[in-house]
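Here the structure comes first, spelled out in structure tokens, and everything after it is commentary.
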Amino acid sequence: MNIAIFPIAAAVAYLVSGINPAILLSKLVYGQDIRTVGSKNPGFTNFKRVYGWKFGWLVLLIDVAKAILPCLGFALAFRAIGVLDEGSFQLGAGFTGLFAMLGHAYPVWYRFKGGKAFLVAASAIWFIDWRVGLIAAAIFLLLLFTVKIMSVSSLCAGISCPISLACFGFAHPVVLICCVLSVLLLTWRHKANIIRLVHGEEPKFRLFGKNKVKKDEQPPQNGPSS
């Protein structure tokens, strides 16, 4: 087994996924740091909640792309060098996906303060097993359009992944371990949401427009309208 590819995949995935479009665009477009408004989480949900879809779609696109590119690239690299006799692609995707999540959640570029990494996880899981990705997407969308709480939808979709993967089978135990660790990381990053859920204070997600935010958390009036 060529083990040199593991630290390379981990480093590239971590560094690339650490680039945060919500932080960059909130500063560039609105002259404001997304980490100071709304829920103060530098991720797509908070960006969309505060600023709307005008640039929210770009945050979404970049967050998905920064997971897809490393996961797909290293999954193909793992298979090309034959890390395993079978299942190298799945192993590469699972391992790279975990470090992509770590990069998004704890980016060195922003003093290790990042987002919740759900979009990164949701993008990576399709390369591990498309059937698992399909089940997770179905659960996520069903809950999002019924319960209308993003954190509930994200956590339930995430928890379904290792369960589905165990049912369908996996190429190597490390794949399942990476999937379980990813869900634990996702849950930990949602700890504030879980506390708000317990107290009945978690805001609902609106597909269109902006969610209501506190007066002192509004974007600057001279910024672009959404």
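Residues in the structure tokens are numbered from 1 in each chain, the chains being A, B, ... in the order shown, and ligands are numbered from 1 in the order shown.
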
Report the closest atom pair, with its distance in Å rounded to one decimal, for each residue of segment 60-131 of chain A that has an atom no farther than 10 Å from segment 38-49 of chain A; count only C-alpha atoms, sort by chain and then rising residue number, and write it as CSV.
residue,atom,partner,partner_atom,distance
A:Leu60,CA,A:Phe44,CA,6.0
A:Leu61,CA,A:Phe44,CA,9.7
A:Ile62,CA,A:Phe44,CA,9.9
A:Asp63,CA,A:Phe44,CA,8.0
A:His104,CA,A:Gly43,CA,9.2
A:Ala105,CA,A:Pro42,CA,9.4
A:Lys113,CA,A:Pro42,CA,8.3
A:Gly114,CA,A:Pro42,CA,5.9
A:Gly115,CA,A:Gly43,CA,5.0
A:Lys116,CA,A:Gly43,CA,6.9
A:Ala117,CA,A:Gly43,CA,8.0
A:Phe118,CA,A:Gly43,CA,9.1
A:Leu119,CA,A:Phe44,CA,8.3

Next, write the just-selected residues to a file, as a CSV table (one decimal), in the first residue's frame, keeping N, CA and C atoms as the atom set.
chain,number,residue,atom,x,y,z
A,60,LEU,N,-23.0,28.7,-1.8
A,60,LEU,CA,-23.4,27.3,-1.9
A,60,LEU,C,-22.5,26.6,-3.0
A,61,LEU,N,-22.4,27.2,-4.1
A,61,LEU,CA,-21.6,26.6,-5.2
A,61,LEU,C,-20.1,26.4,-4.8
A,62,ILE,N,-19.5,27.4,-4.2
A,62,ILE,CA,-18.1,27.3,-3.8
A,62,ILE,C,-17.9,26.2,-2.7
A,63,ASP,N,-18.8,26.2,-1.7
A,63,ASP,CA,-18.8,25.2,-0.7
A,63,ASP,C,-18.9,23.8,-1.2
A,104,HIS,N,-13.0,22.8,6.6
A,104,HIS,CA,-14.1,23.8,6.7
A,104,HIS,C,-14.4,24.2,8.1
A,105,ALA,N,-14.4,23.2,9.0
A,105,ALA,CA,-14.8,23.5,10.4
A,105,ALA,C,-13.8,24.2,11.2
A,113,LYS,N,-11.6,28.9,13.1
A,113,LYS,CA,-13.0,29.2,13.3
A,113,LYS,C,-13.7,29.1,12.0
A,114,GLY,N,-14.5,28.0,11.8
A,114,GLY,CA,-15.1,27.9,10.5
A,114,GLY,C,-16.6,27.5,10.6
A,115,GLY,N,-17.1,26.9,9.6
A,115,GLY,CA,-18.5,26.5,9.5
A,115,GLY,C,-18.8,25.1,10.1
A,116,LYS,N,-20.0,24.7,9.8
A,116,LYS,CA,-20.5,23.4,10.3
A,116,LYS,C,-20.2,22.2,9.4
A,117,ALA,N,-19.8,22.5,8.2
A,117,ALA,CA,-19.3,21.5,7.3
A,117,ALA,C,-20.3,20.5,6.7
A,118,PHE,N,-21.6,20.9,6.8
A,118,PHE,CA,-22.6,20.0,6.3
A,118,PHE,C,-22.6,19.9,4.8
A,119,LEU,N,-22.4,21.0,4.1
A,119,LEU,CA,-22.4,21.0,2.6
A,119,LEU,C,-21.2,20.2,2.1

If you run DSSP over the backbone, which residues in chain A end up helix (DSSP H, G or I)? Put them as a ChimeraX atom specification.
/A:5-17,21-30,34-36,44-51,56-81,88-105,108-110,118-128,130-146,150-168,173-189,191-198,215-217

Residues of segment 91-169 of chain A within 12 Å of segment 81-87 of chain A: nearest atom pair and distance (Å, one decimal) for each, counting only C-alpha atoms, sorted by chain and number, as CSV?
residue,atom,partner,partner_atom,distance
A:Leu91,CA,A:Gly87,CA,6.3
A:Gly92,CA,A:Val83,CA,8.6
A:Ala93,CA,A:Gly87,CA,10.1
A:Gly94,CA,A:Gly87,CA,10.8
A:Phe127,CA,A:Gly87,CA,11.4
A:Ile128,CA,A:Gly87,CA,9.6
A:Asp129,CA,A:Gly87,CA,10.7
A:Gly169,CA,A:Gly87,CA,10.8

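The residue that comes closest to Asn193 of chain A, out of A:Ile135, A:Ala157, A:Ile149, A:Ile177 and on the basis of only C-alpha atoms, is A:Ile149.
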
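Here atom CA of Ile125 of chain A and atom CA of Phe89 of chain A stand 12.2 Å from one another.
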
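Among the candidates A:Leu184, A:Ala10, A:Ala22, A:Leu176, the one nearest to Val132 of chain A when counting only C-alpha atoms is A:Leu176.
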
Neighbours of Ala13 of chain A within 12 Å (only C-alpha atoms; same-chain residues fewer than 3 positions away dropped), as a PDB file with N, CA and C atoms, in the first residue's frame?
ATOM      1  N   ILE A   5       0.263   8.858  -0.151  1.00  0.00           N
ATOM      2  CA  ILE A   5      -0.858   9.633  -0.654  1.00  0.00           C
ATOM      3  C   ILE A   5      -1.795  10.093   0.467  1.00  0.00           C
ATOM      4  N   PHE A   6      -1.780   9.395   1.597  1.00  0.00           N
ATOM      5  CA  PHE A   6      -2.696   9.747   2.693  1.00  0.00           C
ATOM      6  C   PHE A   6      -2.404  11.136   3.269  1.00  0.00           C
ATOM      7  N   PRO A   7      -1.171  11.444   3.675  1.00  0.00           N
ATOM      8  CA  PRO A   7      -0.921  12.796   4.196  1.00  0.00           C
ATOM      9  C   PRO A   7      -1.087  13.880   3.138  1.00  0.00           C
ATOM     10  N   ILE A   8      -0.793  13.534   1.886  1.00  0.00           N
ATOM     11  CA  ILE A   8      -0.968  14.515   0.812  1.00  0.00           C
ATOM     12  C   ILE A   8      -2.450  14.841   0.644  1.00  0.00           C
ATOM     13  N   ALA A   9      -3.281  13.802   0.597  1.00  0.00           N
ATOM     14  CA  ALA A   9      -4.730  13.992   0.461  1.00  0.00           C
ATOM     15  C   ALA A   9      -5.289  14.775   1.643  1.00  0.00           C
ATOM     16  N   ALA A  10      -4.831  14.440   2.838  1.00  0.00           N
ATOM     17  CA  ALA A  10      -5.313  15.114   4.048  1.00  0.00           C
ATOM     18  C   ALA A  10      -4.962  16.601   4.013  1.00  0.00           C
ATOM     19  N   VAL A  16      -7.666  23.364   1.087  1.00  0.00           N
ATOM     20  CA  VAL A  16      -8.617  23.844   0.080  1.00  0.00           C
ATOM     21  C   VAL A  16      -9.986  24.111   0.705  1.00  0.00           C
ATOM     22  N   SER A  17     -10.452  23.177   1.518  1.00  0.00           N
ATOM     23  CA  SER A  17     -11.769  23.333   2.124  1.00  0.00           C
ATOM     24  C   SER A  17     -11.786  24.398   3.209  1.00  0.00           C
ATOM     25  N   GLY A  18     -10.611  24.807   3.661  1.00  0.00           N
ATOM     26  CA  GLY A  18     -10.537  25.865   4.663  1.00  0.00           C
ATOM     27  C   GLY A  18     -10.863  27.235   4.106  1.00  0.00           C
ATOM     28  N   ILE A  19     -10.863  27.371   2.784  1.00  0.00           N
ATOM     29  CA  ILE A  19     -11.225  28.642   2.156  1.00  0.00           C
ATOM     30  C   ILE A  19     -12.729  28.839   2.316  1.00  0.00           C
ATOM     31  N   ALA A  65     -18.161  22.901  -4.419  1.00  0.00           N
ATOM     32  CA  ALA A  65     -17.013  22.666  -5.298  1.00  0.00           C
ATOM     33  C   ALA A  65     -15.743  22.328  -4.522  1.00  0.00           C
ATOM     34  N   LYS A  66     -15.541  22.999  -3.386  1.00  0.00           N
ATOM     35  CA  LYS A  66     -14.305  22.773  -2.637  1.00  0.00           C
ATOM     36  C   LYS A  66     -14.301  21.414  -1.948  1.00  0.00           C
ATOM     37  N   ALA A  67     -15.453  20.748  -1.906  1.00  0.00           N
ATOM     38  CA  ALA A  67     -15.511  19.364  -1.419  1.00  0.00           C
ATOM     39  C   ALA A  67     -15.398  18.387  -2.577  1.00  0.00           C
ATOM     40  N   ILE A  68     -16.100  18.682  -3.662  1.00  0.00           N
ATOM     41  CA  ILE A  68     -16.111  17.776  -4.807  1.00  0.00           C
ATOM     42  C   ILE A  68     -14.732  17.612  -5.431  1.00  0.00           C
ATOM     43  N   LEU A  69     -14.045  18.724  -5.633  1.00  0.00           N
ATOM     44  CA  LEU A  69     -12.765  18.657  -6.346  1.00  0.00           C
ATOM     45  C   LEU A  69     -11.712  17.814  -5.612  1.00  0.00           C
ATOM     46  N   PRO A  70     -11.451  18.036  -4.312  1.00  0.00           N
ATOM     47  CA  PRO A  70     -10.475  17.176  -3.627  1.00  0.00           C
ATOM     48  C   PRO A  70     -10.941  15.724  -3.509  1.00  0.00           C
ATOM     49  N   CYS A  71     -12.223  15.519  -3.200  1.00  0.00           N
ATOM     50  CA  CYS A  71     -12.727  14.149  -3.010  1.00  0.00           C
ATOM     51  C   CYS A  71     -12.646  13.351  -4.298  1.00  0.00           C
ATOM     52  N   LEU A  72     -13.114  13.941  -5.380  1.00  0.00           N
ATOM     53  CA  LEU A  72     -13.068  13.246  -6.663  1.00  0.00           C
ATOM     54  C   LEU A  72     -11.627  13.055  -7.125  1.00  0.00           C
ATOM     55  N   GLY A  73     -10.830  14.106  -6.982  1.00  0.00           N
ATOM     56  CA  GLY A  73      -9.439  14.014  -7.430  1.00  0.00           C
ATOM     57  C   GLY A  73      -8.654  12.940  -6.708  1.00  0.00           C
ATOM     58  N   PHE A  74      -8.757  12.886  -5.392  1.00  0.00           N
ATOM     59  CA  PHE A  74      -7.986  11.899  -4.639  1.00  0.00           C
ATOM     60  C   PHE A  74      -8.622  10.510  -4.674  1.00  0.00           C
ATOM     61  N   ALA A  75      -9.929  10.452  -4.867  1.00  0.00           N
ATOM     62  CA  ALA A  75     -10.554   9.140  -5.062  1.00  0.00           C
ATOM     63  C   ALA A  75     -10.002   8.491  -6.324  1.00  0.00           C
ATOM     64  N   GLY A  92     -10.512   6.534  -0.908  1.00  0.00           N
ATOM     65  CA  GLY A  92      -9.997   7.872  -1.177  1.00  0.00           C
ATOM     66  C   GLY A  92     -11.023   8.949  -0.912  1.00  0.00           C
ATOM     67  N   ALA A  93     -12.273   8.694  -1.322  1.00  0.00           N
ATOM     68  CA  ALA A  93     -13.343   9.671  -1.109  1.00  0.00           C
ATOM     69  C   ALA A  93     -13.660   9.834   0.371  1.00  0.00           C
ATOM     70  N   GLY A  94     -13.738   8.726   1.098  1.00  0.00           N
ATOM     71  CA  GLY A  94     -14.068   8.785   2.515  1.00  0.00           C
ATOM     72  C   GLY A  94     -12.992   9.480   3.334  1.00  0.00           C
ATOM     73  N   PHE A  95     -11.748   9.134   3.068  1.00  0.00           N
ATOM     74  CA  PHE A  95     -10.633   9.726   3.812  1.00  0.00           C
ATOM     75  C   PHE A  95     -10.504  11.211   3.503  1.00  0.00           C
ATOM     76  N   THR A  96     -10.557  11.555   2.222  1.00  0.00           N
ATOM     77  CA  THR A  96     -10.420  12.955   1.824  1.00  0.00           C
ATOM     78  C   THR A  96     -11.598  13.789   2.327  1.00  0.00           C
ATOM     79  N   GLY A  97     -12.800  13.199   2.293  1.00  0.00           N
ATOM     80  CA  GLY A  97     -13.985  13.909   2.749  1.00  0.00           C
ATOM     81  C   GLY A  97     -13.898  14.317   4.210  1.00  0.00           C
ATOM     82  N   LEU A  98     -13.364  13.443   5.045  1.00  0.00           N
ATOM     83  CA  LEU A  98     -13.219  13.751   6.466  1.00  0.00           C
ATOM     84  C   LEU A  98     -12.306  14.955   6.668  1.00  0.00           C
ATOM     85  N   PHE A  99     -11.191  14.994   5.975  1.00  0.00           N
ATOM     86  CA  PHE A  99     -10.256  16.113   6.150  1.00  0.00           C
ATOM     87  C   PHE A  99     -10.765  17.393   5.481  1.00  0.00           C
ATOM     88  N   ALA A 100     -11.597  17.239   4.463  1.00  0.00           N
ATOM     89  CA  ALA A 100     -12.236  18.412   3.879  1.00  0.00           C
ATOM     90  C   ALA A 100     -13.190  19.041   4.895  1.00  0.00           C
ATOM     91  N   MET A 101     -13.911  18.199   5.626  1.00  0.00           N
ATOM     92  CA  MET A 101     -14.794  18.700   6.680  1.00  0.00           C
ATOM     93  C   MET A 101     -14.009  19.396   7.780  1.00  0.00           C
ATOM     94  N   LEU A 102     -12.890  18.804   8.174  1.00  0.00           N
ATOM     95  CA  LEU A 102     -12.047  19.415   9.200  1.00  0.00           C
ATOM     96  C   LEU A 102     -11.530  20.774   8.749  1.00  0.00           C
ATOM     97  N   GLY A 103     -11.171  20.864   7.468  1.00  0.00           N
ATOM     98  CA  GLY A 103     -10.682  22.125   6.932  1.00  0.00           C
ATOM     99  C   GLY A 103     -11.746  23.207   6.957  1.00  0.00           C
ATOM    100  N   HIS A 104     -12.976  22.828   6.644  1.00  0.00           N
ATOM    101  CA  HIS A 104     -14.071  23.795   6.653  1.00  0.00           C
ATOM    102  C   HIS A 104     -14.435  24.196   8.080  1.00  0.00           C
ATOM    103  N   PRO A 107     -10.550  25.929   9.974  1.00  0.00           N
ATOM    104  CA  PRO A 107      -9.585  26.400   8.974  1.00  0.00           C
ATOM    105  C   PRO A 107      -8.410  27.165   9.574  1.00  0.00           C
ATOM    106  N   VAL A 120     -20.059  20.294   2.822  1.00  0.00           N
ATOM    107  CA  VAL A 120     -18.875  19.510   2.462  1.00  0.00           C
ATOM    108  C   VAL A 120     -19.166  18.022   2.601  1.00  0.00           C
ATOM    109  N   ALA A 124     -19.344  15.108  -0.342  1.00  0.00           N
ATOM    110  CA  ALA A 124     -18.389  13.995  -0.320  1.00  0.00           C
ATOM    111  C   ALA A 124     -19.063  12.631  -0.304  1.00  0.00           C
TER     112      ALA A 124
END
